[in-house]
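Visitor: Mind having a look at this structure? Questions to follow.
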Amino acid sequence: MPRQKIILPETWLYETVVPIRITDLNYGRHVGNDTILGLLQEARVRWLRSLGYDSELLEGSLGLILVDLAVRFRSELTYGDDLLVRLTVSEWSHTGFELAYLGLKASDRSEAVRALTGLVFFDYASKRIAAAPPDFRSRVEHSGPPR
């Protein structure tokens with residue numbers, strides 16, 4: 001199987017630091033593939049909160065649902081590491097977008113993980129894909145890169 005090629009952008013919209021807890025480790029004493037999804041979700045929800053949303057449930061029954069995922073591990077994360085996660089929208093569609101992530105060890109800025117997630121807007125009441133909230137894209141585009 002060919003390895004995932006995840007091409008990352010040069011600029012980022014948001015960054016946050018997520019500490020690696022003892023409960024994030026697997027039997028190999030490092031962050032496992034299942035846990036990295038939770039760490040990326042934590043960063044994504046923090047980003048959404050910076051845009052004025054409470055969570056991935058954006059407005060009423062309209063929220064986001066993950067439909068695609070690609071992850072490329074570059075180095076181990078262990079207990080006590082801080083993961084600096086940068087993210088940006090790398091592609092838009094009329095019903096969703098793709099987020100690119102770069103995870104760095106905060107201590108030395110070495111790359112630990114890179115990922116892409118495809119997200120669509122989803123109406124949880126009707127159980128159907130939906131259009132984006134009217135101001136979602138403008139909130140994202142006006143959020144700007146981290147300082």
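Just so we're on the same page: first chain in the structure tokens is A, next is B, and so on; residues restart at 1 for each chain, and ligands are numbered from 1 in the order they show up.
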If we count only C-alpha atoms, what is near segment 90-100 of chain A at a cut-off of 7 Å, once residues fewer than 6 positions away on the same chain are taken out, given as a ChimeraX atom specification?

Guide: /A:8,115-121,130-132

Visitor: Save out the residues we just selected, N, CA, C and O atoms, as an mmCIF file, in the first residue's frame.

Guide:
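Full text of selection_12.cif as output:
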data_model
loop_
_atom_site.group_PDB
_atom_site.id
_atom_site.type_symbol
_atom_site.label_atom_id
_atom_site.label_comp_id
_atom_site.auth_asym_id
_atom_site.auth_seq_id
_atom_site.Cartn_x
_atom_site.Cartn_y
_atom_site.Cartn_z
ATOM 1 N N LEU A 8 0.845 19.939 2.905
ATOM 2 C CA LEU A 8 0.358 20.947 3.838
ATOM 3 C C LEU A 8 0.500 22.351 3.255
ATOM 4 O O LEU A 8 1.429 22.622 2.492
ATOM 5 N N ALA A 115 -2.432 15.676 9.125
ATOM 6 C CA ALA A 115 -3.714 15.031 8.854
ATOM 7 C C ALA A 115 -4.603 15.923 8.002
ATOM 8 O O ALA A 115 -4.403 17.136 7.924
ATOM 9 N N LEU A 116 -5.575 15.283 7.381
ATOM 10 C CA LEU A 116 -6.656 15.958 6.662
ATOM 11 C C LEU A 116 -7.964 15.356 7.140
ATOM 12 O O LEU A 116 -8.061 14.133 7.306
ATOM 13 N N THR A 117 -8.958 16.193 7.365
ATOM 14 C CA THR A 117 -10.305 15.694 7.653
ATOM 15 C C THR A 117 -11.279 16.372 6.709
ATOM 16 O O THR A 117 -11.200 17.570 6.476
ATOM 17 N N GLY A 118 -12.173 15.578 6.153
ATOM 18 C CA GLY A 118 -13.266 16.108 5.354
ATOM 19 C C GLY A 118 -14.492 16.208 6.239
ATOM 20 O O GLY A 118 -14.890 15.225 6.881
ATOM 21 N N LEU A 119 -15.081 17.376 6.298
ATOM 22 C CA LEU A 119 -16.252 17.621 7.148
ATOM 23 C C LEU A 119 -17.387 18.150 6.286
ATOM 24 O O LEU A 119 -17.151 18.960 5.382
ATOM 25 N N VAL A 120 -18.586 17.686 6.546
ATOM 26 C CA VAL A 120 -19.758 18.226 5.866
ATOM 27 C C VAL A 120 -20.719 18.769 6.906
ATOM 28 O O VAL A 120 -20.725 18.349 8.066
ATOM 29 N N PHE A 121 -21.520 19.732 6.460
ATOM 30 C CA PHE A 121 -22.574 20.268 7.310
ATOM 31 C C PHE A 121 -23.709 19.257 7.302
ATOM 32 O O PHE A 121 -24.088 18.739 6.256
ATOM 33 N N ALA A 130 -26.458 19.205 4.701
ATOM 34 C CA ALA A 130 -27.105 20.519 4.601
ATOM 35 C C ALA A 130 -26.110 21.553 4.070
ATOM 36 O O ALA A 130 -24.910 21.300 3.990
ATOM 37 N N ALA A 131 -26.644 22.701 3.741
ATOM 38 C CA ALA A 131 -25.798 23.831 3.343
ATOM 39 C C ALA A 131 -25.139 24.435 4.579
ATOM 40 O O ALA A 131 -25.634 24.290 5.698
ATOM 41 N N ALA A 132 -24.057 25.121 4.346
ATOM 42 C CA ALA A 132 -23.342 25.792 5.436
ATOM 43 C C ALA A 132 -24.205 26.901 6.030
ATOM 44 O O ALA A 132 -25.014 27.504 5.327
#

Visitor: Tell me, which residues of segment 2-147 of chain A carry DSSP strand (DSSP E or B), written as a PyMOL selection string?

Guide: chain A and resi 14-19+25+31+57-59+62-73+82-92+96-105+111-123+128-129

Visitor: Tell me which protein, DNA and RNA residues are within 12 Å of Leu51 of chain A, counting only C-alpha atoms, leaving out same-chain ones fewer than 5 positions away, and put them as a PDB file with N, CA, C and O atoms, in the first residue's frame.

Guide:
ATOM      1  N   LEU A  13      -4.707  29.056   9.885  1.00  0.00           N
ATOM      2  CA  LEU A  13      -5.725  29.939  10.459  1.00  0.00           C
ATOM      3  C   LEU A  13      -5.704  29.953  11.974  1.00  0.00           C
ATOM      4  O   LEU A  13      -6.120  30.916  12.598  1.00  0.00           O
ATOM      5  N   TYR A  14      -5.262  28.853  12.567  1.00  0.00           N
ATOM      6  CA  TYR A  14      -5.439  28.704  14.009  1.00  0.00           C
ATOM      7  C   TYR A  14      -4.370  27.761  14.548  1.00  0.00           C
ATOM      8  O   TYR A  14      -3.927  26.846  13.850  1.00  0.00           O
ATOM      9  N   ARG A  44      -9.905  21.091  16.763  1.00  0.00           N
ATOM     10  CA  ARG A  44     -10.970  21.568  15.875  1.00  0.00           C
ATOM     11  C   ARG A  44     -12.076  22.273  16.661  1.00  0.00           C
ATOM     12  O   ARG A  44     -12.552  23.342  16.267  1.00  0.00           O
ATOM     13  N   VAL A  45     -12.475  21.726  17.801  1.00  0.00           N
ATOM     14  CA  VAL A  45     -13.522  22.355  18.613  1.00  0.00           C
ATOM     15  C   VAL A  45     -13.017  23.672  19.206  1.00  0.00           C
ATOM     16  O   VAL A  45     -13.761  24.658  19.249  1.00  0.00           O
ATOM     17  N   ARG A  46     -11.771  23.719  19.609  1.00  0.00           N
ATOM     18  CA  ARG A  46     -11.210  24.989  20.094  1.00  0.00           C
ATOM     19  C   ARG A  46     -11.249  26.041  18.982  1.00  0.00           C
ATOM     20  O   ARG A  46     -11.548  27.209  19.237  1.00  0.00           O
ATOM     21  N   GLU A  56     -19.049  21.422  17.706  1.00  0.00           N
ATOM     22  CA  GLU A  56     -19.301  21.003  16.326  1.00  0.00           C
ATOM     23  C   GLU A  56     -20.793  21.003  15.993  1.00  0.00           C
ATOM     24  O   GLU A  56     -21.162  20.858  14.844  1.00  0.00           O
ATOM     25  N   LEU A  58     -23.305  23.458  15.469  1.00  0.00           N
ATOM     26  CA  LEU A  58     -23.126  24.883  15.205  1.00  0.00           C
ATOM     27  C   LEU A  58     -24.329  25.735  15.578  1.00  0.00           C
ATOM     28  O   LEU A  58     -24.223  26.689  16.326  1.00  0.00           O
ATOM     29  N   ASP A 135     -23.154  32.532   7.557  1.00  0.00           N
ATOM     30  CA  ASP A 135     -21.957  33.303   7.891  1.00  0.00           C
ATOM     31  C   ASP A 135     -20.737  32.455   8.234  1.00  0.00           C
ATOM     32  O   ASP A 135     -19.701  32.981   8.611  1.00  0.00           O
ATOM     33  N   PHE A 136     -20.825  31.149   8.082  1.00  0.00           N
ATOM     34  CA  PHE A 136     -19.715  30.286   8.487  1.00  0.00           C
ATOM     35  C   PHE A 136     -18.423  30.615   7.731  1.00  0.00           C
ATOM     36  O   PHE A 136     -17.380  30.857   8.322  1.00  0.00           O
ATOM     37  N   ARG A 137     -18.511  30.640   6.407  1.00  0.00           N
ATOM     38  CA  ARG A 137     -17.298  30.879   5.614  1.00  0.00           C
ATOM     39  C   ARG A 137     -16.699  32.257   5.894  1.00  0.00           C
ATOM     40  O   ARG A 137     -15.478  32.403   5.993  1.00  0.00           O
ATOM     41  N   SER A 138     -17.545  33.262   6.064  1.00  0.00           N
ATOM     42  CA  SER A 138     -17.001  34.596   6.342  1.00  0.00           C
ATOM     43  C   SER A 138     -16.335  34.638   7.714  1.00  0.00           C
ATOM     44  O   SER A 138     -15.319  35.309   7.900  1.00  0.00           O
ATOM     45  N   ARG A 139     -16.879  33.928   8.696  1.00  0.00           N
ATOM     46  CA  ARG A 139     -16.219  33.857  10.007  1.00  0.00           C
ATOM     47  C   ARG A 139     -14.828  33.242   9.865  1.00  0.00           C
ATOM     48  O   ARG A 139     -13.868  33.712  10.463  1.00  0.00           O
ATOM     49  N   VAL A 140     -14.749  32.156   9.081  1.00  0.00           N
ATOM     50  CA  VAL A 140     -13.462  31.486   8.876  1.00  0.00           C
ATOM     51  C   VAL A 140     -12.492  32.422   8.168  1.00  0.00           C
ATOM     52  O   VAL A 140     -11.350  32.592   8.588  1.00  0.00           O
ATOM     53  N   GLU A 141     -12.943  33.033   7.085  1.00  0.00           N
ATOM     54  CA  GLU A 141     -12.051  33.863   6.274  1.00  0.00           C
ATOM     55  C   GLU A 141     -11.592  35.118   7.008  1.00  0.00           C
ATOM     56  O   GLU A 141     -10.544  35.661   6.702  1.00  0.00           O
ATOM     57  N   HIS A 142     -12.365  35.579   7.979  1.00  0.00           N
ATOM     58  CA  HIS A 142     -11.987  36.759   8.737  1.00  0.00           C
ATOM     59  C   HIS A 142     -11.243  36.431  10.031  1.00  0.00           C
ATOM     60  O   HIS A 142     -10.862  37.329  10.769  1.00  0.00           O
ATOM     61  N   SER A 143     -11.035  35.137  10.280  1.00  0.00           N
ATOM     62  CA  SER A 143     -10.354  34.754  11.520  1.00  0.00           C
ATOM     63  C   SER A 143      -8.853  35.002  11.437  1.00  0.00           C
ATOM     64  O   SER A 143      -8.223  35.318  12.431  1.00  0.00           O
ATOM     65  N   GLY A 144      -8.278  34.861  10.260  1.00  0.00           N
ATOM     66  CA  GLY A 144      -6.863  35.182  10.064  1.00  0.00           C
ATOM     67  C   GLY A 144      -5.901  34.208  10.709  1.00  0.00           C
ATOM     68  O   GLY A 144      -6.291  33.358  11.497  1.00  0.00           O
TER      69      GLY A 144
END

Visitor: Could you please determine the separation between atom CA of Ser110 of chain A and atom CA of Gln41 of chain A in Å, to one decimal place?

Guide: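 Atom-to-atom, atom CA of Ser110 of chain A to atom CA of Gln41 of chain A, that is 20.7 Å.
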
Visitor: Between A:Leu40, A:Val31, A:Ala112, A:Leu48, which is the closest to Phe73 of chain A once you count only C-alpha atoms?

Guide: A:Ala112

Visitor: Got a sec: who's within 7 Å of Val113 of chain A, counting only C-alpha atoms, leaving out chain neighbours fewer than 5 positions off, as a compact mmCIF listing (two decimals) with all heavy atoms, in the first residue's frame?

Guide:
# COMPACT_ATOMS: atom_id res chain seq x y z
N ARG A 72 -0.94 10.93 8.85
CA ARG A 72 0.44 10.49 8.62
C ARG A 72 1.23 10.77 9.88
O ARG A 72 1.38 11.92 10.29
CB ARG A 72 1.03 11.25 7.43
CG ARG A 72 2.44 10.89 7.09
CD ARG A 72 2.47 9.63 6.23
NE ARG A 72 3.80 9.14 6.04
CZ ARG A 72 4.60 9.48 5.04
NH1 ARG A 72 4.18 10.31 4.12
NH2 ARG A 72 5.79 8.97 4.96
N PHE A 73 1.69 9.71 10.54
CA PHE A 73 2.49 9.85 11.75
C PHE A 73 3.95 10.07 11.38
O PHE A 73 4.48 9.40 10.50
CB PHE A 73 2.35 8.60 12.64
CG PHE A 73 0.97 8.42 13.17
CD1 PHE A 73 0.06 7.58 12.54
CD2 PHE A 73 0.57 9.10 14.31
CE1 PHE A 73 -1.21 7.42 13.03
CE2 PHE A 73 -0.72 8.95 14.80
CZ PHE A 73 -1.61 8.11 14.16
N ARG A 74 4.60 11.00 12.07
CA ARG A 74 5.99 11.32 11.78
C ARG A 74 6.93 11.00 12.94
O ARG A 74 8.08 10.69 12.73
CB ARG A 74 6.11 12.79 11.41
CG ARG A 74 5.16 13.24 10.31
CD ARG A 74 5.49 12.66 9.00
NE ARG A 74 6.56 13.47 8.44
CZ ARG A 74 7.00 13.38 7.21
NH1 ARG A 74 6.48 12.50 6.40
NH2 ARG A 74 7.97 14.14 6.79
N LEU A 102 -1.39 20.24 11.19
CA LEU A 102 0.01 19.94 11.43
C LEU A 102 0.19 19.88 12.94
O LEU A 102 -0.13 20.85 13.64
CB LEU A 102 0.92 21.02 10.83
CG LEU A 102 2.41 20.89 11.14
CD1 LEU A 102 2.98 19.59 10.58
CD2 LEU A 102 3.15 22.10 10.60
N GLY A 103 0.67 18.74 13.43
CA GLY A 103 0.93 18.59 14.86
C GLY A 103 2.42 18.55 15.12
O GLY A 103 3.14 17.71 14.56
N LEU A 104 2.88 19.48 15.93
CA LEU A 104 4.31 19.59 16.27
C LEU A 104 4.51 19.35 17.75
O LEU A 104 3.67 19.75 18.57
CB LEU A 104 4.83 20.99 15.94
CG LEU A 104 4.62 21.51 14.52
CD1 LEU A 104 4.96 22.99 14.46
CD2 LEU A 104 5.44 20.71 13.54

Visitor: Would you compute the distance between atom CA of Tyr79 of chain A and atom CA of His30 of chain A? Give it in Å to one decimal.

Guide: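 That distance, rounded to one decimal, is 7.2 Å.
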
Visitor: Running DSSP on the backbone, which parts of segment 29-127 of chain A land in alpha helix (DSSP H), as a ChimeraX atom specification?

Guide: /A:33-50

Visitor: Set the distance at 8 Å and use only C-alpha atoms: which residues neighbour Ala106 of chain A once local chain neighbours fewer than 5 positions away are removed? I'd like the list as a list in words.

Guide: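 Everything that qualifies: Val17, Asp81, Asp82, Leu83 and Leu84 of chain A.
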
Visitor: Keeping only all heavy atoms, take the residues you just selected and write them out as a compact mmCIF listing (two decimals), in the first residue's frame.

Guide:
# COMPACT_ATOMS: atom_id res chain seq x y z
N VAL A 17 -2.33 24.52 21.77
CA VAL A 17 -1.48 23.50 22.38
C VAL A 17 -2.36 22.56 23.19
O VAL A 17 -3.15 22.99 24.03
CB VAL A 17 -0.41 24.15 23.29
CG1 VAL A 17 0.40 23.09 24.02
CG2 VAL A 17 0.51 25.05 22.46
N ASP A 81 4.48 15.40 26.73
CA ASP A 81 4.63 16.24 25.54
C ASP A 81 3.44 17.18 25.43
O ASP A 81 2.33 16.86 25.87
CB ASP A 81 4.68 15.39 24.26
CG ASP A 81 5.99 14.67 24.05
OD1 ASP A 81 7.02 15.12 24.59
OD2 ASP A 81 5.98 13.65 23.34
N ASP A 82 3.68 18.32 24.83
CA ASP A 82 2.60 19.22 24.44
C ASP A 82 2.56 19.19 22.92
O ASP A 82 3.59 19.36 22.26
CB ASP A 82 2.87 20.65 24.93
CG ASP A 82 2.65 20.79 26.42
OD1 ASP A 82 1.69 20.20 26.94
OD2 ASP A 82 3.45 21.50 27.07
N LEU A 83 1.37 18.99 22.39
CA LEU A 83 1.18 18.94 20.94
C LEU A 83 0.67 20.30 20.48
O LEU A 83 -0.42 20.73 20.86
CB LEU A 83 0.18 17.84 20.57
CG LEU A 83 -0.09 17.65 19.08
CD1 LEU A 83 1.18 17.23 18.34
CD2 LEU A 83 -1.20 16.63 18.89
N LEU A 84 1.47 20.98 19.67
CA LEU A 84 1.06 22.24 19.06
C LEU A 84 0.36 21.88 17.76
O LEU A 84 0.97 21.34 16.84
CB LEU A 84 2.29 23.12 18.78
CG LEU A 84 2.04 24.38 17.96
CD1 LEU A 84 1.11 25.34 18.66
CD2 LEU A 84 3.36 25.05 17.61

Visitor: Can you tell me how far atom CA of Leu64 of chain A sits from atom CA of Arg49 of chain A, in Å to one decimal?

Guide: 13.5 Å

Visitor: Out of A:Ser61, A:Ser55, A:Lys105, A:Glu10, which residue has the shortest atom-to-atom distance to Glu42 of chain A when counting only C-alpha atoms?

Guide: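 For Glu42 of chain A, the nearest of the given residues is A:Ser55.
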
Visitor: Quick one: residues within 9 Å of Gly80 of chain A, only C-alpha atoms counted, chain neighbours fewer than 4 positions away excluded, as JSON, numbers by chain?

Guide: {"A": [19, 20, 21, 22]}

Visitor: Can you pull out the residues contacting Lys5 of chain A? Cut-off 9 Å, using only C-alpha atoms, and skip same-chain residues under 2 positions away; I want them as number ranges by chain.

Guide: A: 2-3, 7, 70, 72
